[in-house]
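Colleague: For reference, the structure I am asking about is given below.
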Amino acid sequence: MTAVSIAPRALLLAGAAFALPGIAFAQDATTAAPGTDQVEEMAQPATEEAQPARDAAAGDSDQIIVTATKREQTLQNVPIAVSVTSGKTIEQAQIRDIKDLSSLVPSLQVRQLQSSANTNFFIRGFGNGANNPGIEPSVGVFIDGVYRSRSSAQIGDFPDVSRIEVLRGPQSTLFGKNASAGVVSIVTARPSFTFGGSGELSYGNYNAVVAKGVVTGPISDKVAVSLAGGYNRRDGYVKDLGTETDINDRNRWFVRGQIYAEPTTGLRVRVIGDYSRINELCCATVNLRRSSATGAIALLGGQVNDPSAIYDDKVYSSYKPTNDIRNYGVSGQVDYDFGPLTFTSITSYRKGKNKSDTDADFTSADLIGTFANDTKIDTFTQELRVATNIEGPLNFLAGAYYFNEKIDQANALKWGADARGYADVLVRGISSNAITLNGLETLFSGLSGRNYIGRFFADGQGLDERYRLKNDAISLFGQADFKIGDRVTLTGGVNYTRDKKRFSTDVQTSDVFAQLNIASLRTAAANFGIAQYIGQTFFGVPLASAAQVQGFAAANPAAFAQINTAAQRTTAPLLGLTKLQYLPAFLNVPNAVEPGKTRDSKVSWTARVAFDVTDEINLYASYATGFKASSINLSRDSRPSGADQNAIESAGIQVVNQTYGSRFAGPEYSKVYEIGLKADWKVATANIALFQQSIEGFQSNVFTGSGFVLANAGKETVKGIEFEGTVKPAQGWLFSVSFTYLDARYDSFKLSAVGDLSGTDPAGIPSLSTTFAAQKDFALPGGDHLIVLGDYHYESPSQIVEGMPAFLDLGVAAAINAARPYRREVSEANASITYAMAMGLELTLWGRNITNNRYLLNAFDSPAQPYSISGYTNQPRTWGGTVRYRF
């Protein structure tokens with residue numbers, strides 16, 4: 001997206017009418033002289049020149065300008081479903097992170113999961129990605145026109161933000177493969193030719209300290225610069241009783257510099273460089289359901305939280321969950337006006353480094369001693385486009401986009417010092433105390449002729465993993481608007497995207513037990529009666545070895561039949577030991593059958609008609625398609641397709657205990673039918689969208705307790721209605737309401753991670769999401785203002801996940817039913833009160849989630865603990881005070 005050069009006064013007025021936490025709507029936002037009683041004046045976003053709002057001259061007016069269609073349009077006239085949140089709203093509502101945006105935009109859900117780098121975005125219920133770096137998000141995030149491909153590059157503290165645009169529905173026509181479900185576009189203020197800036201210091205509970213600021217000004221009559229920076233730290237709100245450490249803390253900082261130049265008439269150049277660092281202990285995981293495996297850990301002296309007290313914010317770990325994330329990059333945008341044409345080039349290079357180490361068993365026992373991740377992502381993008389700005393009936397935009405990305409991920413997952421003791425307890429339970437781990441090693445040594453004594457579940461055994469992915473993509477796009485008279489505009493757009501991926505794996509296991517063919521060993525044990533009868537005497541014959549059993553069987557077939565029948569029953573529990581083969585051998589790719597390549601291409605398009613019924617009411621109807629290319633399963637659960645089984649067996653390359661699943665998920669193809677209304681009557685506004693949106697081949701990514709199952713749903717459909725409205729009943733008052741109703745269904749999903757889900761409701765999609773907000777601006781003598789605002793966000797109950805894959809051995813129904821108790825209902829209230837002085841100083845008291853509403857964010861199979869379930873909880877109440885000065 002283009003960060004268009006907009007007049008400072010226009011930006012001041014752009015957010016004027018929509019200060020409260022909620023959605024900005026276009027309207028004629030006339031400001032009054034300083035000191036008059038009105039909401040708009042003190043509700044400005046931080047402008048490109050960082051000037052105080054009270055400097056706006058009386059009588060000026062403008063409308064909210066957005067670049068949702070990569071060209072300047074007013075929000076009222078852009079005929080798509082887009083929500084805009086101003087920079088001032090972000091400040092006053094104390095939006096500390098991009099995940100807080102969901103409280104302002106009901107159609108958007110943002111969830112942080114297992115680390116500070118893992119953030120999932122959902123619009124209208126569609127979205128995925130984050131935890132598996134090979135999966136591209138369905139919701140594209142752009143900052144000043146630059147695509148941020150992975151969530152670790154998207155989180156931040158919003159320095160000098162002008163506005164955030166949320167585009168709902170497929171946006172592939174203008175954004176290519178990155179936006180099959182929608183777009184989140186963050187637009188920051190460009191450097192100003194007038195010296196100014198702002199500084200902010202906040203303190204809150206959990207010893208939270210946030211300091212950030214921006215300064216901008218000219219270095220010549222043609223060049224301006226700005227520098228923004230910030231620091232954010234907070235104690236953890238969860239007590240880890242295993243390590244005596246507070247986790248879920250904050251410790252991050254950023255610096256961001258910009259240069260803006262207008263060297264000649266019609267030429268504009270903007271260069272941005274940024275660097276950020278996150279070094280935190282995150283994220284606390286609670287046990288939701290105990291099992292016999294949890295009991296085994298308890299027998300070893302390990303501890304886990306009480307599932308009935310998951311909101312006590314107490315967990316147990318054997319070592320600290322570290323996250324060290326570095327993200328940096330540079331981008332350059334050049335705009336050149338040549339007659340009625342504007343040529344734009346946006347070039348960017350970004351690099352992300354993410355190192356984390358998590359106690360993946362989430363207990364104080366040293367069961368999993370190492371669960372480390374080291375991911376590096378290099379991304380280069382180039383966009384070229386030309387747009388017209390003609391008074392005539394026809395205007396168009398055309399361009400090309402190139403994307404190149406390299407991912408290098410190294411993981412390690414190793415057993416810890418308590419693994420042998422833990423396995424011994426489980427083996428005893430599976431065999432009804434008939435055998436110990438040492439006895440199992442002796443038995444399997446005798447059966448196989450190999451020495452397994454002391455080698456099962458040894459400290460340090462496990463997986464060493466390396467995954468690489470290279471992605472090249474190019475998009476060609478164009479869109480044209482044709483006006484019929486003064487009231488009707490026809491829009492047509494088309495995009496061709498070609499995407500190529502190459503991937504490779506190098507995964508090696510040293511887990512001895514996981515490489516056993518237990519089914520074969522059990523058959524041997526049953527056939528020869530070894531499990532029960534070696535060491536015993538039958539019919540006067542002492543059976544001391546497998547050879548003697550075989551000899552006895554040949555000489556006494558009738559007697560041996562009795563032994564064998566009993567042995568079948570006795571050795572049947574051995575098959576249950578397969579559950580403990582947590583880290584099996586891995587068939588690496590590329591290989592003789594699998595080339596490790598994908599190649600996708602697709603034409604996406606948009607057709608729309610917009611009708612200005614009156615100057616206050618606009619209607620539109622549209623049809624759009626979207627596309628997201630194949631995603632790659634970069635996890636230890638990456639398995640060859642079942643369709644390749646015969647070829648793999650014929651080539652003789654299968655590994656012990658070979659299983660089949662998916663290496664990648666094929667492309668997503670989305671489409672949406674939508675009709676909408678936008679109305680602005682000055683004292684009230686209303687935006688309504690009715691839609692039916694579907695995705696064929698939706699890429700489902702489900703955690704199994706060890707890795708991820710990546711699969712394509714046949715088809716998922718969501719029908720819904722969105723409403724956003726404001727009303728100003730009296731001077732200084734502003735009320736807003738926005739809600740989203742969604743009716744979601746899997747039309748077809750036969751091969752999900754938990755079986756056939758066709759005809760069921762997708763998890764994680766609340767049927768109703770809504771936000772109510774109110775603001776009162778009290779104008780005080782001398783030009784000061786007292787601004788009180790509050791908002792309430794609600795999401796109706798929804799099941800968090802569709803099922804638990806670890807329960808599949810008990811049947812599909814068991815896997816689905818295991819997830820049913822875990823539901824989420826959100827009911828959060830936020831509030832702030834600001835005293836804004838005419839001289840530029842502002843004092844704010846604020847609270848987020850002031851009712852301390854607690855709920856689950858996710859639920860999943862506990863690693864290496866059969867039938868145990870873990871999850872993440874949301875953040876508790878936070879509150880504090882902020883001092884801000886603008887100059």
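Letters for chains follow the order of the structure tokens (A, B, ...), residue numbers begin at 1 for each chain, and ligand numbers begin at 1 in the order shown.
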Just the alpha helix (DSSP H) stuff from region 554-683 of chain A, please, per backbone DSSP, written as number ranges by chain.

Modeller: A: 554-555, 557-571, 645-651

Colleague: Which residues are close to Leu299 (chain A), i.e. within 12 Å by only C-alpha atoms, leaving aside same-chain residues fewer than 2 positions away? Reply as an MDAnalysis selection string.

Modeller: chainID A and resid 292:297 301:304 365 418 421:426

Colleague: Between A:Gly783, A:Gly871, A:Arg886, A:Asn279, which residue has the minimum interatomic distance to Val215 (chain A), considering only C-alpha atoms?

Modeller: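 Smallest separation from Val215 (chain A) among the options: A:Arg886.
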
Colleague: Select from region 811-880 of chain A every residue with an atom at most 12 Å from any atom of region 342-359 of chain A, then for each give the shortest pair of atoms and their distance in Å to one decimal, using only C-alpha atoms, rows by chain and rising number, as JSON lines.

Modeller:
```
{"residue": "A:Ser862", "atom": "CA", "partner": "A:Asp359", "partner_atom": "CA", "distance": 11.6}
{"residue": "A:Pro863", "atom": "CA", "partner": "A:Asp359", "partner_atom": "CA", "distance": 10.1}
{"residue": "A:Ala864", "atom": "CA", "partner": "A:Asp359", "partner_atom": "CA", "distance": 11.8}
```

Colleague: Looking at only C-alpha atoms, which of A:Ala412, A:Ala417, A:Leu394, A:Val271 is the one that sits closest to Leu583 (chain A)?

Modeller: A:Ala412

Colleague: Tell me which of A:Ala514, A:Leu201, A:Ile695, A:Leu469 sits closest to Ser631 (chain A), counting only C-alpha atoms.

Modeller: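 Of all the options, A:Leu469 lies closest to Ser631 (chain A).
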
Colleague: Env of Val105 (chain A): 9 Å cut, atoms = only C-alpha atoms, seq-sep filter 3 positions within chain, self excluded. Answer as a list in words.

Modeller: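 The filter keeps Gly22, Ile23, Ser83, Val84, Thr85, Leu101, Ser102, Leu108, Gln109, Val166, Ser738, Phe739, Thr770 and Thr771 of chain A.
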
Colleague: Between A:Ile65, A:Ala224, A:Ile325, A:Ile143, which has the minimum distance to Thr188 (chain A) (counting only C-alpha atoms)?

Modeller: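 Residue with the minimum atom-to-atom distance to Thr188 (chain A): A:Ile143.
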
Colleague: What does the structure give for the distance between CA of Ala679 (chain A) and CA of Lys719 (chain A), in Å to one decimal?

Modeller: 22.6 Å
